[in-house]
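Below is target-v8.txt, which holds compact mmCIF, N, CA and C atoms.
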```txt
# COMPACT_ATOMS: atom_id res chain seq x y z
N ALA C 1 141.88 89.39 132.08
CA ALA C 1 141.48 88.36 131.14
C ALA C 1 140.01 88.51 130.76
N ILE C 2 139.17 88.71 131.78
CA ILE C 2 137.73 88.86 131.52
C ILE C 2 137.48 90.11 130.70
N ALA C 3 138.13 91.22 131.06
CA ALA C 3 137.94 92.48 130.34
C ALA C 3 138.40 92.36 128.89
N TYR C 4 139.54 91.72 128.65
CA TYR C 4 140.03 91.56 127.28
C TYR C 4 139.06 90.71 126.47
N ALA C 5 138.64 89.58 127.04
CA ALA C 5 137.72 88.71 126.31
C ALA C 5 136.44 89.46 125.95
N LYS C 6 135.92 90.22 126.88
CA LYS C 6 134.70 90.99 126.62
C LYS C 6 134.95 92.04 125.53
N TRP C 7 136.11 92.68 125.57
CA TRP C 7 136.47 93.71 124.60
C TRP C 7 136.47 93.16 123.17
N ILE C 8 136.87 91.90 123.00
CA ILE C 8 136.88 91.31 121.65
C ILE C 8 135.61 90.51 121.35
N GLY C 9 134.60 90.66 122.21
CA GLY C 9 133.31 90.01 121.96
C GLY C 9 133.27 88.54 122.34
N LYS C 10 134.13 88.14 123.23
CA LYS C 10 134.16 86.75 123.68
C LYS C 10 134.08 86.72 125.20
N ARG C 11 134.44 85.60 125.79
CA ARG C 11 134.41 85.43 127.24
C ARG C 11 135.41 84.35 127.61
N LEU C 12 135.63 84.18 128.91
CA LEU C 12 136.44 83.05 129.37
C LEU C 12 135.55 81.82 129.40
N PRO C 13 136.11 80.63 129.19
CA PRO C 13 135.30 79.42 129.30
C PRO C 13 134.92 79.15 130.75
N THR C 14 133.78 78.51 130.93
CA THR C 14 133.45 78.02 132.27
C THR C 14 134.38 76.85 132.57
N GLU C 15 134.43 76.46 133.82
CA GLU C 15 135.26 75.32 134.19
C GLU C 15 134.80 74.06 133.46
N ALA C 16 133.49 73.88 133.37
CA ALA C 16 132.95 72.70 132.68
C ALA C 16 133.31 72.72 131.19
N GLU C 17 133.18 73.86 130.55
CA GLU C 17 133.54 73.96 129.13
C GLU C 17 135.02 73.65 128.92
N TRP C 18 135.86 74.19 129.81
CA TRP C 18 137.29 73.93 129.68
C TRP C 18 137.58 72.44 129.78
N GLU C 19 136.97 71.77 130.75
CA GLU C 19 137.25 70.34 130.94
C GLU C 19 136.75 69.51 129.77
N VAL C 20 135.59 69.83 129.24
CA VAL C 20 135.07 69.10 128.07
C VAL C 20 136.00 69.30 126.87
N ALA C 21 136.46 70.53 126.67
CA ALA C 21 137.38 70.80 125.56
C ALA C 21 138.70 70.06 125.73
N ALA C 22 139.22 70.05 126.95
CA ALA C 22 140.50 69.37 127.20
C ALA C 22 140.38 67.86 127.04
N SER C 23 139.27 67.30 127.50
CA SER C 23 139.10 65.84 127.46
C SER C 23 138.46 65.35 126.16
N CYS C 24 138.25 66.26 125.22
CA CYS C 24 137.72 65.91 123.89
C CYS C 24 136.35 65.24 123.98
N CYS C 25 135.51 65.68 124.91
CA CYS C 25 134.16 65.13 125.09
C CYS C 25 134.19 63.65 125.48
N GLU C 26 135.32 63.19 125.99
CA GLU C 26 135.47 61.81 126.43
C GLU C 26 135.92 61.84 127.89
N GLU C 27 136.12 60.71 128.48
CA GLU C 27 136.62 60.66 129.85
C GLU C 27 138.12 60.36 129.83
N LEU C 28 138.86 61.23 129.18
CA LEU C 28 140.31 61.06 129.08
C LEU C 28 141.00 61.57 130.33
N ILE C 29 142.09 60.94 130.70
CA ILE C 29 142.88 61.42 131.84
C ILE C 29 143.64 62.68 131.43
N TYR C 30 144.26 62.64 130.26
CA TYR C 30 144.98 63.78 129.69
C TYR C 30 144.36 64.07 128.32
N PRO C 31 144.55 65.26 127.77
CA PRO C 31 144.03 65.53 126.43
C PRO C 31 144.58 64.58 125.37
N THR C 32 145.71 63.95 125.68
CA THR C 32 146.36 63.02 124.76
C THR C 32 145.95 61.57 124.98
N GLY C 33 145.14 61.30 125.99
CA GLY C 33 144.72 59.93 126.29
C GLY C 33 145.06 59.54 127.71
N ALA C 34 145.57 58.31 127.88
CA ALA C 34 145.86 57.79 129.22
C ALA C 34 147.16 58.33 129.79
N GLY C 35 148.03 58.84 128.95
CA GLY C 35 149.30 59.38 129.41
C GLY C 35 149.69 60.61 128.63
N ILE C 36 150.77 61.24 129.05
CA ILE C 36 151.27 62.42 128.34
C ILE C 36 152.79 62.47 128.47
N GLU C 37 153.43 62.85 127.39
CA GLU C 37 154.89 62.94 127.36
C GLU C 37 155.30 64.37 127.05
N ARG C 38 156.56 64.68 127.28
CA ARG C 38 157.04 66.04 127.06
C ARG C 38 157.07 66.42 125.59
N THR C 39 156.90 65.47 124.69
CA THR C 39 156.78 65.79 123.26
C THR C 39 155.36 66.21 122.90
N GLN C 40 154.43 66.11 123.87
CA GLN C 40 153.02 66.42 123.61
C GLN C 40 152.53 67.68 124.30
N ALA C 41 153.30 68.22 125.24
CA ALA C 41 152.90 69.43 125.97
C ALA C 41 154.12 70.02 126.67
N ASN C 42 154.05 71.30 126.94
CA ASN C 42 155.15 71.99 127.62
C ASN C 42 154.95 71.93 129.14
N PHE C 43 155.64 71.00 129.78
CA PHE C 43 155.60 70.89 131.24
C PHE C 43 156.97 70.45 131.74
N PHE C 44 157.21 70.70 133.03
CA PHE C 44 158.48 70.38 133.66
C PHE C 44 159.64 70.92 132.82
N SER C 45 159.51 72.20 132.44
CA SER C 45 160.54 72.82 131.59
C SER C 45 160.95 74.17 132.18
N ALA C 46 161.73 74.92 131.44
CA ALA C 46 162.32 76.16 131.95
C ALA C 46 161.50 77.41 131.64
N ASP C 47 160.58 77.36 130.68
CA ASP C 47 159.84 78.57 130.30
C ASP C 47 158.69 78.21 129.37
N THR C 48 157.93 79.21 128.97
CA THR C 48 156.84 79.00 128.03
C THR C 48 157.40 78.72 126.64
N THR C 49 156.54 78.20 125.79
CA THR C 49 156.89 77.98 124.38
C THR C 49 155.84 78.69 123.53
N PRO C 50 156.14 78.97 122.26
CA PRO C 50 155.14 79.60 121.40
C PRO C 50 153.89 78.71 121.25
N VAL C 51 152.75 79.34 121.08
CA VAL C 51 151.50 78.62 120.86
C VAL C 51 151.67 77.72 119.63
N LYS C 52 151.04 76.57 119.66
CA LYS C 52 151.08 75.57 118.59
C LYS C 52 152.44 74.89 118.46
N SER C 53 153.23 74.89 119.53
CA SER C 53 154.51 74.17 119.50
C SER C 53 154.31 72.66 119.64
N TYR C 54 153.12 72.26 120.06
CA TYR C 54 152.81 70.84 120.28
C TYR C 54 151.56 70.49 119.49
N PRO C 55 151.34 69.21 119.20
CA PRO C 55 150.18 68.80 118.42
C PRO C 55 148.86 69.14 119.12
N PRO C 56 147.79 69.39 118.34
CA PRO C 56 146.48 69.66 118.95
C PRO C 56 145.85 68.39 119.49
N ASN C 57 144.81 68.55 120.30
CA ASN C 57 144.06 67.38 120.76
C ASN C 57 143.09 66.94 119.66
N LYS C 58 142.26 65.95 119.94
CA LYS C 58 141.34 65.39 118.93
C LYS C 58 140.33 66.41 118.42
N LEU C 59 140.09 67.48 119.19
CA LEU C 59 139.15 68.52 118.76
C LEU C 59 139.86 69.64 117.99
N GLY C 60 141.17 69.50 117.80
CA GLY C 60 141.94 70.51 117.08
C GLY C 60 142.37 71.68 117.95
N LEU C 61 142.28 71.54 119.27
CA LEU C 61 142.65 72.61 120.19
C LEU C 61 144.11 72.44 120.64
N TYR C 62 144.84 73.51 120.57
CA TYR C 62 146.26 73.49 120.93
C TYR C 62 146.47 73.89 122.39
N ASP C 63 147.50 73.31 122.97
CA ASP C 63 147.99 73.73 124.29
C ASP C 63 146.92 73.74 125.38
N MET C 64 146.06 72.74 125.40
CA MET C 64 145.05 72.68 126.45
C MET C 64 145.69 72.42 127.81
N VAL C 65 146.84 71.82 127.83
CA VAL C 65 147.56 71.63 129.09
C VAL C 65 149.01 72.03 128.89
N GLY C 66 149.65 72.39 129.98
CA GLY C 66 151.03 72.84 129.92
C GLY C 66 151.11 74.29 129.46
N ASN C 67 152.29 74.78 129.34
CA ASN C 67 152.60 76.14 128.95
C ASN C 67 152.16 77.14 130.02
N VAL C 68 150.86 77.46 130.13
CA VAL C 68 150.36 78.33 131.21
C VAL C 68 149.03 77.79 131.73
N TYR C 69 148.81 77.96 133.03
CA TYR C 69 147.48 77.70 133.58
C TYR C 69 146.52 78.67 132.91
N GLU C 70 145.28 78.25 132.70
CA GLU C 70 144.30 79.11 132.03
C GLU C 70 143.17 79.50 132.99
N TRP C 71 142.93 80.81 133.07
CA TRP C 71 141.82 81.29 133.89
C TRP C 71 140.49 80.83 133.31
N CYS C 72 139.58 80.47 134.19
CA CYS C 72 138.20 80.15 133.79
C CYS C 72 137.28 81.22 134.37
N GLN C 73 136.09 81.30 133.84
CA GLN C 73 135.10 82.28 134.28
C GLN C 73 134.63 82.01 135.71
N ASP C 74 134.56 80.75 136.08
CA ASP C 74 133.95 80.36 137.36
C ASP C 74 134.78 80.74 138.58
N TRP C 75 134.06 81.05 139.64
CA TRP C 75 134.67 81.16 140.96
C TRP C 75 134.92 79.75 141.45
N TYR C 76 135.96 79.58 142.25
CA TYR C 76 136.34 78.26 142.74
C TYR C 76 135.36 77.77 143.80
N ASP C 77 134.94 76.52 143.66
CA ASP C 77 134.10 75.84 144.64
C ASP C 77 134.76 74.50 144.94
N TYR C 78 135.15 74.31 146.18
CA TYR C 78 135.82 73.07 146.57
C TYR C 78 134.98 71.85 146.21
N ASN C 79 133.66 71.95 146.34
CA ASN C 79 132.75 70.84 146.05
C ASN C 79 132.16 70.93 144.65
N TYR C 80 132.90 71.49 143.71
CA TYR C 80 132.39 71.74 142.37
C TYR C 80 131.75 70.52 141.71
N TYR C 81 132.41 69.37 141.78
CA TYR C 81 131.87 68.21 141.07
C TYR C 81 130.55 67.75 141.67
N GLU C 82 130.38 67.90 142.97
CA GLU C 82 129.09 67.55 143.60
C GLU C 82 128.00 68.51 143.15
N THR C 83 128.26 69.81 143.20
CA THR C 83 127.24 70.79 142.82
C THR C 83 127.02 70.82 141.31
N ALA C 84 128.04 70.53 140.53
CA ALA C 84 127.89 70.54 139.07
C ALA C 84 126.91 69.47 138.61
N MET C 85 126.82 68.38 139.34
CA MET C 85 125.91 67.30 138.94
C MET C 85 124.44 67.72 139.07
N GLN C 86 124.17 68.80 139.79
CA GLN C 86 122.80 69.30 139.90
C GLN C 86 122.36 69.97 138.60
N ARG C 87 123.31 70.37 137.77
CA ARG C 87 123.03 70.97 136.46
C ARG C 87 123.94 70.32 135.42
N PRO C 88 123.78 69.03 135.16
CA PRO C 88 124.73 68.34 134.28
C PRO C 88 124.73 68.85 132.83
N ASP C 89 123.67 69.54 132.40
CA ASP C 89 123.62 70.03 131.03
C ASP C 89 124.57 71.21 130.81
N ASN C 90 124.74 72.06 131.80
CA ASN C 90 125.62 73.22 131.67
C ASN C 90 126.02 73.73 133.05
N PRO C 91 126.85 72.97 133.77
CA PRO C 91 127.20 73.37 135.14
C PRO C 91 128.00 74.67 135.17
N LYS C 92 127.72 75.45 136.20
CA LYS C 92 128.46 76.69 136.41
C LYS C 92 128.87 76.75 137.87
N GLY C 93 129.94 77.45 138.14
CA GLY C 93 130.42 77.62 139.51
C GLY C 93 129.58 78.64 140.26
N PRO C 94 129.97 78.94 141.51
CA PRO C 94 129.23 79.90 142.32
C PRO C 94 129.24 81.30 141.70
N LEU C 95 128.28 82.13 142.10
CA LEU C 95 128.17 83.48 141.56
C LEU C 95 129.21 84.44 142.13
N GLN C 96 129.81 84.09 143.25
CA GLN C 96 130.84 84.93 143.83
C GLN C 96 131.83 84.07 144.60
N GLY C 97 132.95 84.65 144.94
CA GLY C 97 133.95 83.90 145.68
C GLY C 97 135.21 84.72 145.88
N VAL C 98 136.22 84.08 146.38
CA VAL C 98 137.52 84.72 146.62
C VAL C 98 138.49 84.35 145.50
N TYR C 99 138.43 83.10 145.06
CA TYR C 99 139.36 82.59 144.05
C TYR C 99 138.64 82.23 142.76
N ARG C 100 139.31 82.43 141.64
CA ARG C 100 138.80 81.94 140.36
C ARG C 100 139.57 80.67 140.00
N VAL C 101 138.94 79.88 139.16
CA VAL C 101 139.50 78.60 138.74
C VAL C 101 140.58 78.80 137.68
N LEU C 102 141.63 78.01 137.79
CA LEU C 102 142.69 77.90 136.78
C LEU C 102 142.79 76.43 136.39
N ARG C 103 142.94 76.16 135.11
CA ARG C 103 143.04 74.77 134.66
C ARG C 103 144.22 74.61 133.72
N GLY C 104 144.70 73.36 133.58
CA GLY C 104 145.65 73.00 132.55
C GLY C 104 147.11 72.87 132.90
N GLY C 105 147.51 73.28 134.09
CA GLY C 105 148.93 73.19 134.41
C GLY C 105 149.76 74.20 133.64
N CYS C 106 151.05 74.21 133.89
CA CYS C 106 151.92 75.18 133.22
C CYS C 106 153.28 74.56 132.93
N TRP C 107 154.17 75.37 132.41
CA TRP C 107 155.51 74.90 132.03
C TRP C 107 156.30 74.39 133.22
N LYS C 108 155.98 74.83 134.43
CA LYS C 108 156.68 74.37 135.63
C LYS C 108 156.04 73.12 136.24
N SER C 109 154.88 72.74 135.76
CA SER C 109 154.09 71.67 136.37
C SER C 109 154.69 70.29 136.18
N LEU C 110 154.32 69.40 137.09
CA LEU C 110 154.57 67.97 136.92
C LEU C 110 153.37 67.38 136.19
N LYS C 111 153.47 66.13 135.76
CA LYS C 111 152.42 65.48 134.97
C LYS C 111 151.04 65.55 135.61
N ASP C 112 150.94 65.31 136.91
CA ASP C 112 149.63 65.27 137.56
C ASP C 112 148.83 66.55 137.37
N ASP C 113 149.50 67.69 137.30
CA ASP C 113 148.80 68.97 137.11
C ASP C 113 148.20 69.10 135.71
N LEU C 114 148.59 68.24 134.80
CA LEU C 114 148.10 68.30 133.43
C LEU C 114 146.88 67.42 133.18
N ARG C 115 146.43 66.71 134.21
CA ARG C 115 145.23 65.88 134.04
C ARG C 115 144.03 66.78 133.70
N CYS C 116 143.14 66.31 132.86
CA CYS C 116 141.97 67.09 132.47
C CYS C 116 141.13 67.50 133.67
N ALA C 117 141.10 66.69 134.71
CA ALA C 117 140.28 66.98 135.88
C ALA C 117 141.02 67.77 136.96
N HIS C 118 142.30 68.06 136.76
CA HIS C 118 143.06 68.79 137.79
C HIS C 118 142.56 70.23 137.90
N ARG C 119 142.36 70.67 139.14
CA ARG C 119 141.83 72.01 139.40
C ARG C 119 142.84 72.81 140.22
N HIS C 120 142.96 74.08 139.89
CA HIS C 120 143.82 75.00 140.62
C HIS C 120 143.02 76.27 140.82
N ARG C 121 143.44 77.12 141.76
CA ARG C 121 142.71 78.35 142.01
C ARG C 121 143.66 79.41 142.51
N ASN C 122 143.25 80.67 142.31
CA ASN C 122 144.01 81.78 142.88
C ASN C 122 143.14 83.03 142.85
N ASN C 123 143.61 84.04 143.56
CA ASN C 123 142.95 85.34 143.58
C ASN C 123 143.04 85.92 142.16
N PRO C 124 141.94 86.38 141.58
CA PRO C 124 142.00 86.87 140.21
C PRO C 124 142.84 88.13 140.02
N GLY C 125 143.22 88.80 141.11
CA GLY C 125 144.08 89.97 141.00
C GLY C 125 145.55 89.64 140.93
N ILE C 126 145.90 88.38 141.09
CA ILE C 126 147.29 87.95 141.07
C ILE C 126 147.83 87.94 139.64
N VAL C 127 149.00 88.50 139.46
CA VAL C 127 149.69 88.43 138.17
C VAL C 127 150.83 87.43 138.33
N ASN C 128 150.89 86.48 137.43
CA ASN C 128 151.87 85.41 137.53
C ASN C 128 152.22 84.97 136.12
N ARG C 129 153.47 84.82 135.80
CA ARG C 129 153.85 84.45 134.43
C ARG C 129 153.49 83.01 134.08
N THR C 130 152.98 82.26 135.04
CA THR C 130 152.52 80.90 134.73
C THR C 130 151.01 80.89 134.45
N TYR C 131 150.37 82.06 134.45
CA TYR C 131 148.93 82.16 134.20
C TYR C 131 148.67 82.85 132.87
N GLY C 132 147.67 82.36 132.17
CA GLY C 132 147.24 82.96 130.92
C GLY C 132 145.76 82.69 130.74
N PHE C 133 145.26 82.83 129.54
CA PHE C 133 143.84 82.55 129.30
C PHE C 133 143.61 82.28 127.83
N ARG C 134 142.48 81.67 127.55
CA ARG C 134 142.00 81.52 126.18
C ARG C 134 140.57 82.02 126.17
N CYS C 135 140.15 82.53 125.07
CA CYS C 135 138.79 83.05 124.96
C CYS C 135 137.85 81.97 124.44
N ALA C 136 136.60 82.10 124.81
CA ALA C 136 135.55 81.20 124.35
C ALA C 136 134.44 82.04 123.73
N ALA C 137 133.63 81.41 122.93
CA ALA C 137 132.50 82.10 122.30
C ALA C 137 131.27 81.20 122.36
N ASP C 138 130.13 81.82 122.44
CA ASP C 138 128.88 81.06 122.38
C ASP C 138 128.61 80.68 120.93
N VAL C 139 128.12 79.48 120.71
CA VAL C 139 127.76 79.03 119.37
C VAL C 139 126.32 78.54 119.39
N GLU C 140 125.68 78.64 118.27
CA GLU C 140 124.31 78.18 118.15
C GLU C 140 124.28 76.66 118.08
N ALA C 141 123.36 76.06 118.82
CA ALA C 141 123.20 74.60 118.77
C ALA C 141 122.60 74.21 117.42
N GLU C 142 123.05 73.08 116.91
CA GLU C 142 122.54 72.62 115.61
C GLU C 142 121.29 71.80 115.78
```
Rewrite the structure from the file as structure tokens, please.
Amino acid sequence: AIAYAKWIGKRLPTEAEWEVAASCCEELIYPTGAGIERTQANFFSADTTPVKSYPPNKLGLYDMVGNVYEWCQDWYDYNYYETAMQRPDNPKGPLQGVYRVLRGGCWKSLKDDLRCAHRHRNNPGIVNRTYGFRCAADVEAE
């Protein structure tokens, strides 16, 4: 995922960027608000669905939860929220680790895994059909 993103001139989102994008810069429980239904995301189902099969969130981003877990750039830190508060402007995970962060839940997930704040992790060498990624790009501040 990292190599592909770099090859096309992009990168994986940090864990903080992913959560802000999923929660629409608000303190939402799910990208859809206080709750989520199976008409709004692919979860608790038999397989993946094509991208854009469900409505986008308020920021116009599709499939932020459900379908596949998404790899993030950050290494997993159990105490991430505590350490992230030390750099609230642009928190980043540790520089090294064993596991990388996965966010968003997948087609096999139950509702709780689709919460914007839900965190998952795995060895980055693992190949799993419930894992995918989205690319991110740096933008100039206005």
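What separates CA of Gln96 in chain C from CA of Leu12 in chain C is a distance of 15.6 Å.
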- Using DSSP on the backbone coordinates, identify the residues of chain C assigned to alpha helix (DSSP H); present them as a VMD selection string. chain C and resid 2 to 7 15 to 22 80 to 84
Can you pull out the residues contacting Ala21 in chain C? Cut-off 8 Å, using all atoms listed in the file, and skip same-chain residues under 4 positions away; I want them as a ChimeraX atom specification. /C:15-17,25-26,31,57-59,61,64
Report as a VMD selection string all protein, DNA and RNA residues lying within 6 Å of Pro13 in chain C, evaluated on only C-alpha atoms, omitting residues in the same chain fewer than 2 positions from it. chain C and resid 17 to 18 72 to 73 136
- Near His118 in chain C, counting only C-alpha atoms, which residues have an atom at most 9 Å away, once you skip same-chain residues fewer than 6 positions from it, shown as a ChimeraX atom specification? /C:103-105,112
Only N, CA and C atoms, please: the residues just picked out, written as a PDB file, keeping the file's coordinate frame.
```pdb
ATOM      1  N   ARG C 103     142.940  76.160 135.110  1.00  0.00           N
ATOM      2  CA  ARG C 103     143.040  74.770 134.660  1.00  0.00           C
ATOM      3  C   ARG C 103     144.220  74.610 133.720  1.00  0.00           C
ATOM      4  N   GLY C 104     144.700  73.360 133.580  1.00  0.00           N
ATOM      5  CA  GLY C 104     145.650  73.000 132.550  1.00  0.00           C
ATOM      6  C   GLY C 104     147.110  72.870 132.900  1.00  0.00           C
ATOM      7  N   GLY C 105     147.510  73.280 134.090  1.00  0.00           N
ATOM      8  CA  GLY C 105     148.930  73.190 134.410  1.00  0.00           C
ATOM      9  C   GLY C 105     149.760  74.200 133.640  1.00  0.00           C
ATOM     10  N   ASP C 112     150.940  65.310 136.910  1.00  0.00           N
ATOM     11  CA  ASP C 112     149.630  65.270 137.560  1.00  0.00           C
ATOM     12  C   ASP C 112     148.830  66.550 137.370  1.00  0.00           C
TER      13      ASP C 112
END
```
Please, what is the axis-aligned box for every listed atom of range 28-40 of chain C with 5 Å on each side, as centre and edge lengths in Å to one decimal, as JSON?
```
{"center_x": 148.0, "center_y": 62.7, "center_z": 127.4, "size_x": 28.2, "size_y": 19.9, "size_z": 18.9}
```
Residue with the minimum atom-to-atom distance to Arg100 in chain C, picked from C:Ala137, C:Asp74, C:Leu114, C:Ala22 with all atoms listed in the file counted, is C:Asp74
